[in-house]
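K.L.:
Next comes the structure file coords-v8.cif, holding mmCIF, C-alpha atoms and all ligand atoms.
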data_query
#
loop_
_atom_site.label_atom_id
_atom_site.label_comp_id
_atom_site.auth_asym_id
_atom_site.auth_seq_id
_atom_site.Cartn_x
_atom_site.Cartn_y
_atom_site.Cartn_z
CA MET A 1 155.55 170.48 149.35
CA THR A 2 156.32 167.21 151.07
CA ALA A 3 159.71 165.63 150.50
CA ALA A 4 157.92 162.47 149.35
CA HIS A 5 155.91 164.41 146.75
CA ALA A 6 159.03 166.07 145.37
CA ALA A 7 160.87 162.74 145.34
CA ALA A 8 157.99 161.07 143.48
CA LEU A 9 157.90 163.81 140.83
CA LEU A 10 161.67 163.64 140.39
CA GLN A 11 161.56 159.87 140.16
CA GLY A 12 158.82 160.14 137.54
CA TYR A 13 160.92 162.59 135.57
CA TRP A 14 163.84 160.17 135.47
CA GLN A 15 161.55 157.38 134.38
CA GLY A 16 160.35 159.51 131.48
CA ALA A 17 156.90 160.35 132.92
CA HIS A 18 157.21 163.87 131.53
CA LEU A 19 157.72 162.76 127.93
CA ALA A 20 154.01 162.55 127.13
CA ASP A 21 153.66 166.30 127.76
CA PRO A 22 156.96 167.89 128.87
CA PRO A 23 155.71 171.49 129.37
CA ALA A 24 152.86 170.40 131.69
CA TYR A 25 155.12 168.16 133.79
CA LEU A 26 157.82 170.83 133.96
CA ASP A 27 155.23 173.40 135.12
CA ARG A 28 154.32 171.12 138.01
CA LEU A 29 157.95 170.74 138.98
CA ARG A 30 158.65 174.48 138.72
CA ALA A 31 155.56 175.32 140.75
CA LEU A 32 156.95 173.20 143.60
CA SER A 33 160.33 174.86 143.29
CA PRO A 34 162.48 176.10 140.37
CA VAL A 35 165.32 174.18 142.03
CA LEU A 36 163.92 170.88 143.23
CA TYR A 37 166.48 169.13 145.38
CA ASP A 38 165.86 165.77 146.95
CA PRO A 39 168.75 164.61 149.15
CA GLY A 40 167.32 161.08 149.00
CA THR A 41 167.72 160.70 145.23
CA GLY A 42 170.95 162.73 145.28
CA PHE A 43 170.25 165.21 142.52
CA ALA A 44 168.54 168.49 141.83
CA LEU A 45 166.34 169.36 138.89
CA LEU A 46 166.29 173.00 137.75
CA THR A 47 163.34 174.32 135.76
CA GLY A 48 163.56 178.10 136.43
CA HIS A 49 165.14 180.48 133.92
CA ALA A 50 167.10 182.61 136.42
CA GLU A 51 168.31 179.54 138.28
CA LEU A 52 169.47 177.76 135.11
CA SER A 53 171.25 180.87 133.86
CA ALA A 54 173.03 181.24 137.19
CA ALA A 55 174.02 177.57 137.27
CA LEU A 56 175.30 177.57 133.66
CA LYS A 57 177.48 180.60 134.39
CA SER A 58 178.64 179.65 137.91
CA PRO A 59 182.34 178.85 138.43
CA PHE A 60 181.18 176.28 141.01
CA VAL A 61 179.19 174.31 138.46
CA ARG A 62 181.03 172.07 136.04
CA THR A 63 180.14 169.85 133.12
CA GLY A 64 182.46 167.09 134.27
CA LYS A 65 184.39 164.43 132.50
CA VAL A 66 182.79 161.40 130.85
CA GLY A 67 182.20 159.12 133.84
CA GLY A 68 181.00 155.64 134.70
CA ASP A 69 182.33 152.34 135.97
CA SER A 70 185.71 151.08 134.84
CA ALA A 71 184.17 148.78 132.18
CA PHE A 72 182.40 151.78 130.62
CA LEU A 73 185.52 153.94 130.83
CA GLN A 74 187.42 151.28 128.84
CA SER A 75 184.72 151.12 126.19
CA GLU A 76 185.16 152.52 122.68
CA SER A 77 182.18 154.78 123.33
CA ALA A 78 183.70 156.40 126.42
CA ARG A 79 187.00 156.88 124.58
CA LEU A 80 185.19 158.47 121.69
CA MET A 81 183.30 160.90 123.91
CA ALA A 82 186.03 161.79 126.42
CA PRO A 83 187.84 164.38 124.24
CA MET A 84 184.62 166.16 123.19
CA MET A 85 184.72 169.78 124.36
CA LEU A 86 181.29 169.30 125.93
CA PHE A 87 182.88 167.17 128.65
CA HIS A 88 185.76 169.52 129.49
CA ASP A 89 185.97 172.49 131.82
CA GLY A 90 188.33 175.38 132.40
CA ALA A 91 191.60 175.53 130.48
CA SER A 92 191.20 172.22 128.62
CA HIS A 93 187.72 173.28 127.44
CA THR A 94 189.02 176.68 126.34
CA ARG A 95 191.79 174.99 124.35
CA LEU A 96 189.47 172.56 122.53
CA ARG A 97 186.80 175.17 121.91
CA SER A 98 189.12 177.86 120.66
CA LEU A 99 190.79 175.44 118.23
CA ALA A 100 187.37 174.48 116.87
CA GLN A 101 186.26 178.11 116.78
CA ARG A 102 189.25 179.02 114.64
CA ALA A 103 187.95 176.63 112.01
CA PHE A 104 184.30 177.59 112.49
CA THR A 105 184.42 181.33 111.86
CA PRO A 106 181.66 183.80 110.90
CA ARG A 107 183.27 183.93 107.43
CA VAL A 108 182.95 180.16 106.99
CA LEU A 109 179.32 180.55 108.04
CA GLU A 110 178.60 183.32 105.55
CA GLU A 111 180.26 181.31 102.80
CA SER A 112 177.75 178.52 103.46
CA ARG A 113 174.71 180.73 102.94
CA ALA A 114 174.48 180.24 99.17
CA PHE A 115 175.00 176.48 99.52
CA ILE A 116 172.28 176.19 102.19
CA THR A 117 169.82 178.19 100.09
CA ALA A 118 170.47 176.13 96.95
CA LEU A 119 170.23 172.87 98.88
CA THR A 120 166.95 173.95 100.51
CA ASP A 121 165.47 174.75 97.10
CA GLU A 122 166.63 171.38 95.73
CA LEU A 123 165.06 169.50 98.66
CA LEU A 124 161.81 171.45 98.32
CA ALA A 125 161.67 170.64 94.59
CA GLU A 126 162.25 166.95 95.32
CA ALA A 127 159.59 167.02 98.09
CA ALA A 128 157.12 168.52 95.58
CA ARG A 129 157.91 165.72 93.09
CA GLN A 130 157.40 163.07 95.80
CA ALA A 131 154.15 164.68 96.88
CA ARG A 132 152.85 164.66 93.28
CA ARG A 133 153.44 160.89 93.15
CA ARG A 134 151.78 160.28 96.55
CA GLY A 135 148.51 162.15 96.50
CA GLY A 136 150.08 165.39 97.74
CA GLU A 137 151.73 163.91 100.83
CA VAL A 138 155.33 163.79 101.95
CA ASP A 139 157.12 162.93 105.21
CA ALA A 140 158.76 166.23 106.17
CA VAL A 141 161.23 164.52 108.51
CA ALA A 142 162.68 162.13 105.92
CA ALA A 143 162.41 164.49 102.95
CA LEU A 144 163.45 167.82 104.49
CA ALA A 145 164.29 168.04 108.19
CA VAL A 146 166.91 165.26 108.24
CA PRO A 147 168.71 165.73 104.91
CA LEU A 148 169.12 169.53 105.13
CA PRO A 149 171.27 169.88 108.28
CA VAL A 150 173.19 166.63 107.76
CA THR A 151 174.12 167.56 104.19
CA VAL A 152 175.13 171.04 105.32
CA ILE A 153 177.45 169.85 108.08
CA VAL A 154 178.90 166.99 106.02
CA GLN A 155 179.68 169.52 103.28
CA MET A 156 181.14 172.02 105.76
CA LEU A 157 183.36 169.35 107.29
CA GLY A 158 184.60 168.53 103.78
CA LEU A 159 183.49 164.90 103.79
CA GLU A 160 182.67 163.32 100.48
CA GLY A 161 181.15 160.17 99.00
CA HIS A 162 181.81 157.06 101.08
CA ASP A 163 183.13 159.07 104.07
CA ALA A 164 179.95 161.10 104.14
CA ASP A 165 177.79 157.95 104.12
CA LEU A 166 179.82 156.43 106.95
CA PHE A 167 179.40 159.56 109.02
CA ARG A 168 175.68 159.65 108.52
CA THR A 169 175.42 156.09 109.85
CA TRP A 170 177.66 156.83 112.81
CA ALA A 171 175.80 159.98 113.76
CA GLY A 172 172.73 157.98 114.89
CA SER A 173 174.90 155.92 117.24
CA VAL A 174 176.45 159.01 118.78
CA ALA A 175 173.01 160.57 119.32
CA ASP A 176 171.93 157.41 121.16
CA LEU A 177 175.10 157.54 123.21
CA ILE A 178 174.47 161.12 124.28
CA GLY A 179 170.82 160.82 125.20
CA GLY A 180 169.24 157.53 124.10
CA LEU A 181 166.57 155.99 126.29
CA ASN A 182 166.32 152.32 127.22
CA MET A 183 169.18 151.11 125.07
CA THR A 184 168.96 147.36 124.54
CA PRO A 185 172.16 145.28 124.83
CA GLU A 186 171.99 144.79 121.03
CA ARG A 187 171.76 148.54 120.41
CA TRP A 188 174.60 149.14 122.86
CA ALA A 189 176.73 146.57 120.98
CA GLY A 190 175.96 148.38 117.71
CA VAL A 191 176.94 151.73 119.23
CA GLU A 192 180.19 150.22 120.57
CA ALA A 193 181.00 148.77 117.14
CA ASP A 194 180.39 152.13 115.47
CA ALA A 195 182.48 153.97 118.06
CA GLY A 196 185.34 151.51 117.43
CA ALA A 197 185.03 151.94 113.67
CA MET A 198 185.10 155.72 114.02
CA ARG A 199 188.23 155.67 116.17
CA ARG A 200 190.05 153.32 113.74
CA TYR A 201 189.04 155.42 110.77
CA PHE A 202 190.37 158.59 112.35
CA ARG A 203 193.59 157.15 113.72
CA THR A 204 195.51 158.34 110.70
CA LEU A 205 193.16 160.89 109.20
CA ALA A 206 194.50 163.80 111.25
CA ASP A 207 198.01 163.25 109.86
CA ASP A 208 196.71 162.69 106.32
CA LEU A 209 194.73 165.92 106.45
CA ARG A 210 197.73 167.88 107.68
CA ALA A 211 199.85 166.47 104.86
CA HIS A 212 197.16 166.79 102.19
CA PRO A 213 194.59 169.38 103.26
CA ARG A 214 191.17 169.22 101.64
CA PRO A 215 188.64 172.02 101.58
CA GLY A 216 186.43 172.09 104.68
CA LEU A 217 186.37 172.26 108.45
CA LEU A 218 188.09 168.92 109.08
CA SER A 219 191.31 170.08 107.48
CA ALA A 220 190.97 173.45 109.18
CA LEU A 221 190.50 171.67 112.53
CA ALA A 222 193.50 169.43 111.87
CA ALA A 223 195.63 172.46 111.03
CA ALA A 224 194.32 174.77 113.78
CA GLU A 225 197.09 175.72 116.17
CA ASP A 226 196.98 177.48 119.49
CA GLY A 227 200.40 178.44 120.87
CA GLY A 228 201.97 175.49 119.04
CA GLU A 229 199.19 173.16 120.28
CA ARG A 230 197.23 171.02 117.86
CA LEU A 231 194.37 168.58 118.24
CA SER A 232 195.47 164.94 118.56
CA GLY A 233 193.82 162.33 116.30
CA ASP A 234 191.35 161.36 119.06
CA GLU A 235 190.56 165.00 119.80
CA LEU A 236 190.00 165.74 116.13
CA LEU A 237 187.71 162.75 115.78
CA ALA A 238 185.71 163.47 118.92
CA ASN A 239 185.12 167.10 118.11
CA ALA A 240 184.37 166.51 114.44
CA VAL A 241 181.82 163.87 115.49
CA LEU A 242 180.42 166.33 118.03
CA LEU A 243 179.99 168.98 115.32
CA LEU A 244 178.30 166.44 113.11
CA VAL A 245 175.85 165.18 115.72
CA ALA A 246 175.28 168.48 117.50
CA GLY A 247 174.78 170.02 114.09
CA HIS A 248 172.11 167.82 112.65
CA GLU A 249 169.78 166.02 115.07
CA THR A 250 169.09 169.30 116.85
CA THR A 251 168.46 171.34 113.72
CA SER A 252 166.37 168.54 112.18
CA ASN A 253 164.15 168.57 115.24
CA LEU A 254 163.81 172.34 115.10
CA ILE A 255 162.74 172.20 111.44
CA SER A 256 160.19 169.40 111.75
CA GLY A 257 158.87 170.80 115.04
CA SER A 258 158.49 174.25 113.45
CA LEU A 259 156.41 172.91 110.57
CA HIS A 260 154.16 171.18 113.07
CA VAL A 261 153.62 174.09 115.46
CA LEU A 262 153.19 176.66 112.68
CA HIS A 263 150.31 174.56 111.46
CA ALA A 264 148.87 174.42 114.99
CA TRP A 265 149.06 178.26 115.29
CA PRO A 266 147.60 179.48 111.96
CA GLN A 267 147.60 183.18 112.87
CA GLU A 268 151.26 183.06 113.71
CA ARG A 269 151.98 181.22 110.51
CA ALA A 270 150.06 183.82 108.49
CA TRP A 271 152.01 186.62 110.20
CA LEU A 272 155.31 184.97 109.27
CA ALA A 273 154.23 184.12 105.72
CA GLU A 274 153.37 187.81 105.10
CA ASP A 275 157.00 188.88 105.32
CA PRO A 276 159.35 185.99 106.09
CA GLY A 277 162.41 187.95 104.90
CA THR A 278 162.25 190.32 107.86
CA ARG A 279 160.25 188.21 110.33
CA ALA A 280 162.00 184.85 110.13
CA ALA A 281 164.89 185.82 112.45
CA ASN A 282 162.65 186.54 115.46
CA ALA A 283 160.31 183.71 114.53
CA VAL A 284 163.23 181.27 114.73
CA GLU A 285 164.08 182.54 118.24
CA GLU A 286 160.50 181.97 119.37
CA LEU A 287 160.40 178.53 117.75
CA LEU A 288 163.65 177.65 119.54
CA ARG A 289 162.09 178.79 122.82
CA PHE A 290 158.82 176.99 122.21
CA LEU A 291 160.29 173.70 121.00
CA SER A 292 163.54 173.39 122.99
CA PRO A 293 165.14 170.89 120.58
CA VAL A 294 167.69 170.14 123.32
CA GLN A 295 165.46 169.58 126.31
CA GLY A 296 168.11 169.61 128.96
CA THR A 297 171.67 169.06 129.99
CA GLY A 298 173.63 168.00 133.07
CA ARG A 299 176.21 169.53 135.39
CA PHE A 300 177.57 168.96 138.89
CA THR A 301 178.55 171.27 141.73
CA VAL A 302 182.18 171.52 142.82
CA ALA A 303 181.43 173.62 145.94
CA PRO A 304 178.37 174.20 148.11
CA LEU A 305 176.15 176.89 146.65
CA THR A 306 172.68 178.40 147.05
CA LEU A 307 170.45 178.50 143.99
CA GLY A 308 166.87 179.68 143.98
CA GLY A 309 166.84 179.48 147.78
CA ALA A 310 167.97 175.84 147.79
CA GLU A 311 171.23 175.00 149.53
CA LEU A 312 173.10 172.54 147.40
CA PRO A 313 176.11 170.52 148.56
CA ALA A 314 179.33 170.02 146.59
CA GLY A 315 179.40 167.01 144.26
CA LEU A 316 175.67 167.15 143.48
CA HIS A 317 174.36 166.23 140.06
CA LEU A 318 172.24 169.00 138.53
CA SER A 319 169.75 168.22 135.84
CA LEU A 320 169.14 171.46 133.93
CA SER A 321 165.85 171.58 132.08
CA LEU A 322 166.34 174.04 129.23
CA ALA A 323 162.76 173.27 128.20
CA GLY A 324 161.60 174.21 131.71
CA ALA A 325 163.49 177.53 131.64
CA ASN A 326 162.06 178.33 128.20
CA ARG A 327 158.50 178.17 129.56
CA ASP A 328 159.18 180.04 132.81
CA PRO A 329 156.29 182.53 133.25
CA ARG A 330 158.54 184.84 135.28
CA VAL A 331 160.42 185.64 132.04
CA PHE A 332 158.03 184.78 129.20
CA GLU A 333 154.49 186.13 129.38
CA ALA A 334 151.92 183.45 128.47
CA PRO A 335 154.78 181.00 127.95
CA HIS A 336 152.69 178.24 126.34
CA ARG A 337 151.52 180.56 123.59
CA LEU A 338 153.52 180.67 120.35
CA ASN A 339 154.15 184.36 119.66
CA LEU A 340 156.55 184.79 116.76
CA ALA A 341 156.84 188.53 117.40
CA ARG A 342 157.67 188.03 121.10
CA GLU A 343 160.09 190.78 122.02
CA ASN A 344 162.21 188.82 124.45
CA ALA A 345 162.15 185.48 122.60
CA ARG A 346 165.93 185.67 122.26
CA LEU A 347 166.28 185.19 126.04
CA HIS A 348 165.56 181.48 125.57
CA LEU A 349 168.15 179.03 126.83
CA SER A 350 167.84 176.60 123.92
CA PHE A 351 171.53 177.06 123.13
CA ALA A 352 172.40 176.98 126.89
CA ALA A 353 174.59 179.79 128.31
CA GLY A 354 178.07 180.35 129.68
CA ALA A 355 181.24 178.61 128.52
CA HIS A 356 179.44 175.84 126.60
CA TYR A 357 177.00 178.11 124.76
CA CYS A 358 176.26 176.34 121.48
CA LEU A 359 179.14 176.75 119.06
CA GLY A 360 176.81 176.26 116.10
CA ALA A 361 174.05 178.68 117.16
CA GLY A 362 174.73 180.98 114.20
CA LEU A 363 174.59 178.11 111.73
CA ALA A 364 171.41 176.67 113.24
CA ARG A 365 169.71 180.08 113.16
CA MET A 366 170.73 180.62 109.55
CA GLU A 367 169.58 177.18 108.39
CA ALA A 368 166.22 177.47 110.10
CA ALA A 369 165.56 181.00 108.81
CA ILE A 370 166.49 180.10 105.22
CA PHE A 371 164.42 176.93 105.41
CA LEU A 372 161.27 178.62 106.75
CA THR A 373 161.51 181.48 104.28
CA ARG A 374 161.89 179.23 101.23
CA PHE A 375 159.38 176.65 102.47
CA LEU A 376 156.59 179.18 103.10
CA ALA A 377 157.24 180.90 99.78
CA ARG A 378 156.90 177.61 97.92
CA PHE A 379 154.15 175.91 99.95
CA PRO A 380 152.11 178.71 101.56
CA GLU A 381 149.04 176.43 101.75
CA TYR A 382 150.70 173.36 103.28
CA ARG A 383 148.56 171.29 105.61
CA VAL A 384 149.35 168.77 108.36
CA PRO A 385 146.83 165.91 108.17
CA GLU A 386 145.54 164.37 111.42
CA GLN A 387 148.12 161.82 112.53
CA PRO A 388 149.52 160.27 115.72
CA LEU A 389 152.71 162.07 116.71
CA ASP A 390 155.58 159.80 117.58
CA TYR A 391 158.70 161.28 119.21
CA LEU A 392 162.15 159.71 119.05
CA PRO A 393 162.96 157.87 122.33
CA ASN A 394 165.57 160.35 123.48
CA PHE A 395 165.61 162.28 126.76
CA THR A 396 167.83 165.05 125.52
CA LEU A 397 166.98 165.58 121.87
CA ARG A 398 163.25 165.91 121.31
CA GLY A 399 162.12 165.30 117.77
CA LEU A 400 159.40 163.73 115.68
CA ARG A 401 160.04 160.41 113.95
CA ALA A 402 157.84 161.44 111.05
CA LEU A 403 155.51 164.28 110.07
CA ARG A 404 153.18 163.83 107.11
CA LEU A 405 152.50 167.05 105.23
CA ASN A 406 150.11 167.75 102.43
CA LEU A 407 151.77 170.05 99.92
CA ALA A 408 149.10 169.98 97.23
C1 LIG A 501 168.63 173.97 116.77
C2 LIG A 501 169.87 173.62 116.76
C3 LIG A 501 170.78 173.49 117.95
C4 LIG A 501 170.48 173.48 119.28
C5 LIG A 501 169.11 173.61 119.94
C6 LIG A 501 171.73 173.33 120.00
C7 LIG A 501 171.85 173.30 121.38
C8 LIG A 501 173.04 173.22 122.07
C9 LIG A 501 173.16 173.24 123.50
C10 LIG A 501 172.00 173.33 124.48
C11 LIG A 501 174.47 173.17 123.81
C12 LIG A 501 175.09 173.20 125.21
C13 LIG A 501 175.13 171.85 125.84
C14 LIG A 501 175.65 171.91 127.25
O1 LIG A 501 176.04 172.98 127.73
O2 LIG A 501 175.64 170.89 127.92
C15 LIG A 501 175.20 173.06 122.57
C16 LIG A 501 176.55 172.93 122.48
C17 LIG A 501 177.20 172.74 121.30
N1 LIG A 501 176.66 172.81 120.03
FE1 LIG A 501 174.73 173.14 119.55
N2 LIG A 501 172.74 173.23 119.09
C18 LIG A 501 172.21 173.34 117.83
C19 LIG A 501 172.91 173.32 116.64
C20 LIG A 501 174.26 173.16 116.53
C21 LIG A 501 174.99 173.17 115.29
C22 LIG A 501 174.38 173.42 113.92
C23 LIG A 501 176.29 172.92 115.62
C24 LIG A 501 177.51 172.81 114.75
C25 LIG A 501 177.58 172.54 113.53
C26 LIG A 501 176.39 172.80 117.05
C27 LIG A 501 177.54 172.56 117.76
C28 LIG A 501 177.66 172.56 119.13
C29 LIG A 501 178.91 172.33 119.83
C30 LIG A 501 180.25 172.02 119.22
C31 LIG A 501 178.61 172.43 121.20
C32 LIG A 501 179.59 172.26 122.37
C33 LIG A 501 180.08 173.60 122.82
C34 LIG A 501 180.98 173.50 124.04
O3 LIG A 501 180.96 172.49 124.75
O4 LIG A 501 181.72 174.48 124.27
N3 LIG A 501 175.13 172.95 117.58
N4 LIG A 501 174.30 173.11 121.52
#
For the structure just supplied, provide its representation as structure tokens.
Ligand code: HEM
P.N.:
Amino acid sequence: MTAAHAAALLQGYWQGAHLADPPAYLDRLRALSPVLYDPGTGFALLTGHAELSAALKSPFVRTGKVGGDSAFLQSESARLMAPMMLFHDGASHTRLRSLAQRAFTPRVLEESRAFITALTDELLAEAARQARRRGGEVDAVAALAVPLPVTVIVQMLGLEGHDADLFRTWAGSVADLIGGLNMTPERWAGVEADAGAMRRYFRTLADDLRAHPRPGLLSALAAAEDGGERLSGDELLANAVLLLVAGHETTSNLISGSLHVLHAWPQERAWLAEDPGTRAANAVEELLRFLSPVQGTGRFTVAPLTLGGAELPAGLHLSLSLAGANRDPRVFEAPHRLNLARENARLHLSFAAGAHYCLGAGLARMEAAIFLTRFLARFPEYRVPEQPLDYLPNFTLRGLRALRLNLA
């Protein structure tokens, strides 16, 4: 490999050249090296499974605070993001995460099962009604994949009516903030305005919720204590917003992507449809591996370290391609084949690994399994008509804008 070749591929990656066909581009990068480091561009891109796992678990690799120039750091958006647990390491991360985990227990999850099932059935019934009016067709993104996870998390947080509507609007801005591509100045202004509105709204909510608890995670988060420590208003806001955004864009993309790839792999779909009750759990793991709804994340090194044979200096930005690791042929045999019975599917890194391992993995798994089971029982013959596939312009969260299904 020449340094210039590696630099060109890395440059292309940053310019979004891989978005047309991420697995193919990531294969080319991994074939050059699973840890592609170009001192010229000042960052390394990791696409190998072992290397990503090691980086995500290394004490010398950190997520890092929200950074940028001083204008950005003063912005409403930076202030909104700074207390999110995603951007904390060590003791301050443990504190934020354990407070949130106290509110987000396995019991809370189990209690949501009946609600998720009933909501799924309601959405499927409504989709069937829409399809009857429109020659059998429905947009699975708008009718199913978006409303299911957002309604679940809004309900779990305990938001109602107007609050719930506000949060739905804000969520799109936060998703753009975390991974949006080519944000125009107008879009940036809109995101800033939403971030400001969210911070104002929450300024007093933490105190209100402590004084007058409502059912749901928000009150539980406001009340959660750790050695006398509580979340401040800004911390409560940031982490509630994180739960909301982390909890719906990702799961929406998993659901719509699953409907699309199951159609593209009819034998796999038939295998699942035969016995979804027992097969859905492993199928969801394989779909997570295959789709990588969160394509990647970032870290930086705090000490020199060697990864995959590459010597990396301290202070280096690492771009971790979860999608790359999930198609690594050294771990997954025939990685570009969807194999719902794959024995080691659960080794995927779609929920990352280490200290920041997805807090909502259990919820996401449950939602996807319930959804697929109920959907296939109701629409075993669904078809995906020929259509151009348009992905949302986001580097991190990969999802379809729309997916027309024929349910007749
Ligand atoms: C298919 C669905 C989902 C995927 C693929 C996914 C993926 C991820 C990934 C990759 C991370 C780690 C990011 C990093 O280390 O930089 C993460 C963290 C997180 N996720 Fe998820 N997620 C999903 C659903 C959810 C749900 C449903 C929730 C909650 C309702 C949630 C809440 C969180 C939180 C709070 C974190 C931060 C954890 C921390 O920093 O300690 N996620 N998720």
K.L.:
So the first atom is atom CA of Gly136 of chain A and the second is atom CA of Pro385 of chain A; what is the distance between them in Å, to one decimal place?
P.N.:
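Distance between the two atoms: 10.9 Å.
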K.L.:
Using all atoms listed in the file, find all polymer residues with an atom at most 10 Å away from the point (165.8, 164.8, 146.6); report them as an MDAnalysis selection string.
P.N.:
chainID A and resid 3:11 36:45
K.L.:
Just give me the gap between atom CA of Phe60 of chain A and atom CA of Leu305 of chain A in Å, one decimal is fine.
P.N.:
7.6 Å
K.L.:
Residues up to 8 Å from ligand LIG 501 (chain A), counting all atoms listed in the file: could you list those as a PyMOL selection string?
P.N.:
chain A and resi 56+63+84-88+93-94+97+100+149+153+239+242-254+288+292-299+322+349-365+368
K.L.:
Can you list, as a list in words, every protein, DNA or RNA residue that comes within 7 Å of segment 205-213 of chain A when you count all atoms listed in the file, leaving out same-chain residues fewer than 3 positions away?
P.N.:
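Using all atoms listed in the file, the neighbours found are Phe202, Ser219, Ala222, Ala223, Gly233 and Leu236 of chain A.
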K.L.:
Now that the selection is made, can you save its residues with C-alpha atoms as a PDB file, keeping the file's coordinate frame?
P.N.:
ATOM      1  CA  PHE A 202     190.370 158.590 112.350  1.00  0.00           C
ATOM      2  CA  SER A 219     191.310 170.080 107.480  1.00  0.00           C
ATOM      3  CA  ALA A 222     193.500 169.430 111.870  1.00  0.00           C
ATOM      4  CA  ALA A 223     195.630 172.460 111.030  1.00  0.00           C
ATOM      5  CA  GLY A 233     193.820 162.330 116.300  1.00  0.00           C
ATOM      6  CA  LEU A 236     190.000 165.740 116.130  1.00  0.00           C
TER       7      LEU A 236
END
K.L.:
Considering only C-alpha atoms, can you say which of A:Arg230, A:Arg383, A:Arg133, A:Arg95 comes closest to Leu259 of chain A?
P.N.:
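Nearest to Leu259 of chain A: A:Arg383.
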K.L.:
Rebuild segment 237-253 of chain A to N, CA and C atoms - output it as a PDB file, in the frame of the given file, please.
P.N.:
ATOM      1  N   LEU A 237     188.863 163.621 116.019  1.00  0.00           N
ATOM      2  CA  LEU A 237     187.710 162.750 115.780  1.00  0.00           C
ATOM      3  C   LEU A 237     186.537 163.156 116.665  1.00  0.00           C
ATOM      4  N   ALA A 238     186.799 163.230 117.979  1.00  0.00           N
ATOM      5  CA  ALA A 238     185.710 163.470 118.920  1.00  0.00           C
ATOM      6  C   ALA A 238     184.989 164.766 118.598  1.00  0.00           C
ATOM      7  N   ASN A 239     185.753 165.805 118.300  1.00  0.00           N
ATOM      8  CA  ASN A 239     185.120 167.100 118.110  1.00  0.00           C
ATOM      9  C   ASN A 239     184.492 167.255 116.732  1.00  0.00           C
ATOM     10  N   ALA A 240     185.030 166.524 115.740  1.00  0.00           N
ATOM     11  CA  ALA A 240     184.370 166.510 114.440  1.00  0.00           C
ATOM     12  C   ALA A 240     183.030 165.769 114.554  1.00  0.00           C
ATOM     13  N   VAL A 241     183.057 164.648 115.291  1.00  0.00           N
ATOM     14  CA  VAL A 241     181.820 163.870 115.490  1.00  0.00           C
ATOM     15  C   VAL A 241     180.812 164.720 116.272  1.00  0.00           C
ATOM     16  N   LEU A 242     181.316 165.467 117.257  1.00  0.00           N
ATOM     17  CA  LEU A 242     180.420 166.330 118.030  1.00  0.00           C
ATOM     18  C   LEU A 242     179.769 167.367 117.112  1.00  0.00           C
ATOM     19  N   LEU A 243     180.560 167.977 116.245  1.00  0.00           N
ATOM     20  CA  LEU A 243     179.990 168.980 115.320  1.00  0.00           C
ATOM     21  C   LEU A 243     178.914 168.339 114.448  1.00  0.00           C
ATOM     22  N   LEU A 244     179.222 167.126 113.994  1.00  0.00           N
ATOM     23  CA  LEU A 244     178.300 166.440 113.110  1.00  0.00           C
ATOM     24  C   LEU A 244     176.970 166.139 113.806  1.00  0.00           C
ATOM     25  N   VAL A 245     177.075 165.589 115.019  1.00  0.00           N
ATOM     26  CA  VAL A 245     175.850 165.180 115.720  1.00  0.00           C
ATOM     27  C   VAL A 245     175.116 166.391 116.270  1.00  0.00           C
ATOM     28  N   ALA A 246     175.897 167.284 116.923  1.00  0.00           N
ATOM     29  CA  ALA A 246     175.280 168.480 117.500  1.00  0.00           C
ATOM     30  C   ALA A 246     174.631 169.281 116.393  1.00  0.00           C
ATOM     31  N   GLY A 247     175.220 169.177 115.192  1.00  0.00           N
ATOM     32  CA  GLY A 247     174.780 170.020 114.090  1.00  0.00           C
ATOM     33  C   GLY A 247     173.611 169.488 113.314  1.00  0.00           C
ATOM     34  N   HIS A 248     173.238 168.204 113.493  1.00  0.00           N
ATOM     35  CA  HIS A 248     172.110 167.820 112.650  1.00  0.00           C
ATOM     36  C   HIS A 248     170.878 167.330 113.360  1.00  0.00           C
ATOM     37  N   GLU A 249     171.012 166.482 114.391  1.00  0.00           N
ATOM     38  CA  GLU A 249     169.780 166.020 115.070  1.00  0.00           C
ATOM     39  C   GLU A 249     168.991 167.212 115.617  1.00  0.00           C
ATOM     40  N   THR A 250     169.719 168.132 116.233  1.00  0.00           N
ATOM     41  CA  THR A 250     169.090 169.300 116.850  1.00  0.00           C
ATOM     42  C   THR A 250     168.364 170.157 115.821  1.00  0.00           C
ATOM     43  N   THR A 251     169.059 170.455 114.734  1.00  0.00           N
ATOM     44  CA  THR A 251     168.460 171.340 113.720  1.00  0.00           C
ATOM     45  C   THR A 251     167.312 170.625 113.010  1.00  0.00           C
ATOM     46  N   SER A 252     167.474 169.307 112.790  1.00  0.00           N
ATOM     47  CA  SER A 252     166.370 168.540 112.180  1.00  0.00           C
ATOM     48  C   SER A 252     165.119 168.672 113.036  1.00  0.00           C
ATOM     49  N   ASN A 253     165.311 168.524 114.348  1.00  0.00           N
ATOM     50  CA  ASN A 253     164.150 168.570 115.240  1.00  0.00           C
ATOM     51  C   ASN A 253     163.523 169.961 115.277  1.00  0.00           C
TER      52      ASN A 253
END
